[in-house]
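Raw contents of model_34.cif, mmCIF, C-alpha atoms and all ligand atoms:
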data_start
#
loop_
_atom_site.group_PDB
_atom_site.id
_atom_site.type_symbol
_atom_site.label_atom_id
_atom_site.label_comp_id
_atom_site.auth_asym_id
_atom_site.auth_seq_id
_atom_site.Cartn_x
_atom_site.Cartn_y
_atom_site.Cartn_z
ATOM 1 C CA MET A 1 -4.934 8.815 5.220
ATOM 2 C CA LYS A 2 -5.346 5.325 6.563
ATOM 3 C CA ILE A 3 -9.100 5.148 6.020
ATOM 4 C CA GLU A 4 -11.557 6.491 3.485
ATOM 5 C CA GLU A 5 -15.272 7.160 3.797
ATOM 6 C CA LEU A 6 -17.498 5.156 1.497
ATOM 7 C CA LYS A 7 -19.881 7.519 -0.240
ATOM 8 C CA ARG A 8 -23.429 6.358 0.305
ATOM 9 C CA GLY A 9 -26.770 8.118 0.486
ATOM 10 C CA ASP A 10 -28.656 6.085 3.059
ATOM 11 C CA GLY A 11 -27.564 7.812 6.267
ATOM 12 C CA ILE A 12 -25.054 5.139 7.234
ATOM 13 C CA ARG A 13 -21.441 6.286 7.663
ATOM 14 C CA THR A 14 -19.005 3.622 6.519
ATOM 15 C CA MET A 15 -15.227 3.791 6.652
ATOM 16 C CA MET A 16 -12.922 1.568 4.620
ATOM 17 C CA PHE A 17 -9.334 0.497 5.148
ATOM 18 C CA ASP A 18 -6.969 -1.587 3.067
ATOM 19 C CA CYS A 19 -6.332 -4.750 5.060
ATOM 20 C CA PRO A 20 -2.691 -5.802 4.677
ATOM 21 C CA GLY A 21 -3.571 -9.350 5.706
ATOM 22 C CA CYS A 22 -6.386 -9.948 3.233
ATOM 23 C CA GLY A 23 -5.248 -7.626 0.446
ATOM 24 C CA PHE A 24 -8.678 -6.082 0.007
ATOM 25 C CA LEU A 25 -10.777 -3.368 1.637
ATOM 26 C CA HIS A 26 -12.705 -3.900 4.849
ATOM 27 C CA GLN A 27 -15.712 -1.748 5.741
ATOM 28 C CA VAL A 28 -16.618 -0.448 9.195
ATOM 29 C CA HIS A 29 -19.916 1.286 9.955
ATOM 30 C CA VAL A 30 -19.407 4.154 12.390
ATOM 31 C CA ALA A 31 -22.919 5.636 12.412
ATOM 32 C CA GLY A 32 -26.385 4.675 11.275
ATOM 33 C CA THR A 33 -29.343 2.531 12.179
ATOM 34 C CA GLY A 34 -30.103 -1.062 11.270
ATOM 35 C CA VAL A 35 -26.428 -2.005 11.008
ATOM 36 C CA PRO A 36 -23.765 -2.910 13.577
ATOM 37 C CA VAL A 37 -21.925 0.302 14.501
ATOM 38 C CA TRP A 38 -18.361 0.516 15.799
ATOM 39 C CA GLY A 39 -16.827 3.184 17.940
ATOM 40 C CA TRP A 40 -14.388 5.414 16.012
ATOM 41 C CA ASN A 41 -12.032 8.064 17.353
ATOM 42 C CA GLY A 42 -12.728 10.342 14.346
ATOM 43 C CA SER A 43 -9.161 10.187 13.024
ATOM 44 C CA MET A 44 -8.415 9.442 9.357
ATOM 45 C CA GLU A 45 -4.659 9.228 10.039
ATOM 46 C CA ARG A 46 -4.567 7.285 13.308
ATOM 47 C CA PRO A 47 -7.948 5.571 13.434
ATOM 48 C CA THR A 48 -9.145 3.470 16.334
ATOM 49 C CA PHE A 49 -12.202 1.245 16.034
ATOM 50 C CA THR A 50 -13.835 -0.557 18.917
ATOM 51 C CA PRO A 51 -14.568 -3.353 19.547
ATOM 52 C CA SER A 52 -12.628 -5.813 17.389
ATOM 53 C CA LEU A 53 -13.411 -6.387 13.702
ATOM 54 C CA LEU A 54 -14.303 -9.827 12.401
ATOM 55 C CA VAL A 55 -14.445 -10.474 8.658
ATOM 56 C CA THR A 56 -15.497 -13.889 7.428
ATOM 57 C CA GLY A 57 -15.935 -15.241 3.946
ATOM 58 C CA VAL A 58 -14.232 -17.476 1.448
ATOM 59 C CA GLN A 59 -10.629 -17.143 0.389
ATOM 60 C CA GLN A 60 -9.882 -16.144 -3.179
ATOM 61 C CA MET A 61 -8.661 -18.819 -5.573
ATOM 62 C CA THR A 62 -4.914 -19.094 -5.887
ATOM 63 C CA ASP A 63 -3.310 -18.625 -9.315
ATOM 64 C CA GLU A 64 -2.774 -22.390 -9.481
ATOM 65 C CA GLU A 65 -6.423 -23.085 -8.693
ATOM 66 C CA HIS A 66 -7.541 -20.528 -11.253
ATOM 67 C CA ALA A 67 -5.300 -22.103 -13.892
ATOM 68 C CA ALA A 68 -6.740 -25.534 -13.078
ATOM 69 C CA TYR A 69 -10.266 -24.140 -13.308
ATOM 70 C CA MET A 70 -9.457 -22.621 -16.708
ATOM 71 C CA ARG A 71 -8.216 -26.033 -17.845
ATOM 72 C CA GLY A 72 -11.668 -27.405 -17.032
ATOM 73 C CA GLU A 73 -10.645 -29.222 -13.846
ATOM 74 C CA GLY A 74 -13.487 -27.711 -11.852
ATOM 75 C CA LEU A 75 -13.727 -25.358 -8.932
ATOM 76 C CA PRO A 76 -11.506 -25.900 -5.884
ATOM 77 C CA THR A 77 -12.976 -26.694 -2.495
ATOM 78 C CA PRO A 78 -13.729 -23.325 -0.851
ATOM 79 C CA ARG A 79 -11.466 -22.435 2.081
ATOM 80 C CA PRO A 80 -13.002 -20.307 4.825
ATOM 81 C CA LEU A 81 -11.508 -16.873 5.407
ATOM 82 C CA THR A 82 -11.312 -15.319 8.850
ATOM 83 C CA CYS A 83 -9.766 -11.918 9.566
ATOM 84 C CA HIS A 84 -10.045 -10.847 13.196
ATOM 85 C CA SER A 85 -8.339 -7.650 14.265
ATOM 86 C CA PHE A 86 -8.118 -4.646 16.510
ATOM 87 C CA VAL A 87 -7.485 -1.316 14.749
ATOM 88 C CA THR A 88 -5.854 1.022 17.267
ATOM 89 C CA ASP A 89 -4.121 4.339 16.629
ATOM 90 C CA GLY A 90 -3.494 3.597 12.929
ATOM 91 C CA ARG A 91 -2.128 0.106 13.543
ATOM 92 C CA ILE A 92 -3.849 -3.226 13.074
ATOM 93 C CA GLN A 93 -3.367 -6.130 15.445
ATOM 94 C CA PHE A 94 -4.305 -9.422 13.861
ATOM 95 C CA LEU A 95 -5.503 -12.075 16.261
ATOM 96 C CA GLY A 96 -4.385 -15.663 16.119
ATOM 97 C CA ASP A 97 -7.543 -16.953 14.425
ATOM 98 C CA CYS A 98 -6.853 -15.107 11.162
ATOM 99 C CA THR A 99 -6.444 -17.417 8.169
ATOM 100 C CA HIS A 100 -3.881 -15.153 6.454
ATOM 101 C CA ALA A 101 -0.133 -14.858 6.894
ATOM 102 C CA LEU A 102 -0.271 -11.891 9.299
ATOM 103 C CA ALA A 103 -2.104 -13.814 12.048
ATOM 104 C CA GLY A 104 -0.709 -12.840 15.435
ATOM 105 C CA GLN A 105 1.148 -9.782 14.104
ATOM 106 C CA THR A 106 0.627 -6.039 14.559
ATOM 107 C CA VAL A 107 1.429 -3.799 11.578
ATOM 108 C CA ASN A 108 0.777 -0.228 10.429
ATOM 109 C CA LEU A 109 -2.309 0.290 8.309
ATOM 110 C CA PRO A 110 -1.217 1.148 4.750
ATOM 111 C CA GLU A 111 -2.078 4.499 3.226
ATOM 112 C CA ILE A 112 -5.296 4.352 1.238
ATOM 113 C CA GLU A 113 -5.765 6.053 -2.128
ATOM 114 C CA ALA A 114 -8.703 8.439 -1.924
HETATM 115 ZN ZN ZN B 201 -8.426 -8.595 6.674
#
As structure tokens - that is how I would like this structure written.
Amino acid sequence: MKIEELKRGDGIRTMMFDCPGCGFLHQVHVAGTGVPVWGWNGSMERPTFTPSLLVTGVQQMTDEEHAAYMRGEGLPTPRPLTCHSFVTDGRIQFLGDCTHALAGQTVNLPEIEA
């Protein structure tokens, strides 16, 4: 499987996939009210979501930054994270505005551990 359903009891259906660009899970709502809902082709093996997915946040500290923080040198300046992609037929196309190394590339979604 390339995606996994997040178990929740509030009537919202949420799928998760392991983003190879960010290295952590992204969530996509595919049904429910009060949340943005994406189109989904119903496939766990070759999922398609529409329209594009945009994840924003703050990048994780690097090992060097964490070591400096542990030495008491303070927190690093936060770096914005952008992950903008199209998931189509089990593959993920990263757009050029991604802040990670896979910007502009299209790769297979990794298998997810259920
Ligand atoms: Zn990502």
- Query: If you apply the PyMOL selection byres (((chain A and resi 85-88) around 12) and not hetatm) to this file, what residues do you get, as a PyMOL selection string?
  - Reply: chain A and resi 2-3+16-22+26+28+38-56+82-84+89-100+102-109
- Glu5 of chain A: which residues within 8 Å, counting all atoms listed in the file, same-chain residues fewer than 5 positions away excluded, as a PyMOL selection string? chain A and resi 13-16
Residues in the PyMOL selection byres (((chain A and resi 57) around 6) and not hetatm), expressed as a PDB file with C-alpha atoms, in the coordinates of the input:
ATOM      1  CA  THR A  56     -15.497 -13.889   7.428  1.00  0.00           C
ATOM      2  CA  VAL A  58     -14.232 -17.476   1.448  1.00  0.00           C
ATOM      3  CA  PRO A  80     -13.002 -20.307   4.825  1.00  0.00           C
ATOM      4  CA  LEU A  81     -11.508 -16.873   5.407  1.00  0.00           C
TER       5      LEU A  81
END
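For the choices A:Leu25, A:Ala31, A:Met61, A:Ile12, the atom-to-atom distance to Arg79 of chain A is smallest for A:Met61 when using all atoms listed in the file.
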- Query: Using only C-alpha atoms and all ligand atoms, which residue out of A:Gly74, A:Thr33, A:Thr62, A:Gly23 lies closest to ligand ZN 201 (chain B)?
  - Reply: A:Gly23
- Task: Measuring atom to atom with all atoms listed in the file, identify which of A:Glu111, A:Glu4, A:Gln59, A:His29 is nearest to ligand ZN 201 (chain B).
- Result: A:Gln59
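Among the candidates A:Leu75, A:Ala101, A:Met70, A:Leu6, the residue lying nearest to ligand ZN 201 (chain B) is A:Ala101 (atoms considered: all atoms listed in the file).
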- Query: Using only C-alpha atoms and all ligand atoms, which of A:Asp10, A:Glu65, A:Gly34, A:Gln27 sits nearest ligand ZN 201 (chain B)?
  - Reply: A:Gln27
- Any idea what the distance is between atom CA of Gln60 of chain A and atom CA of Pro110 of chain A? 20.9 Å
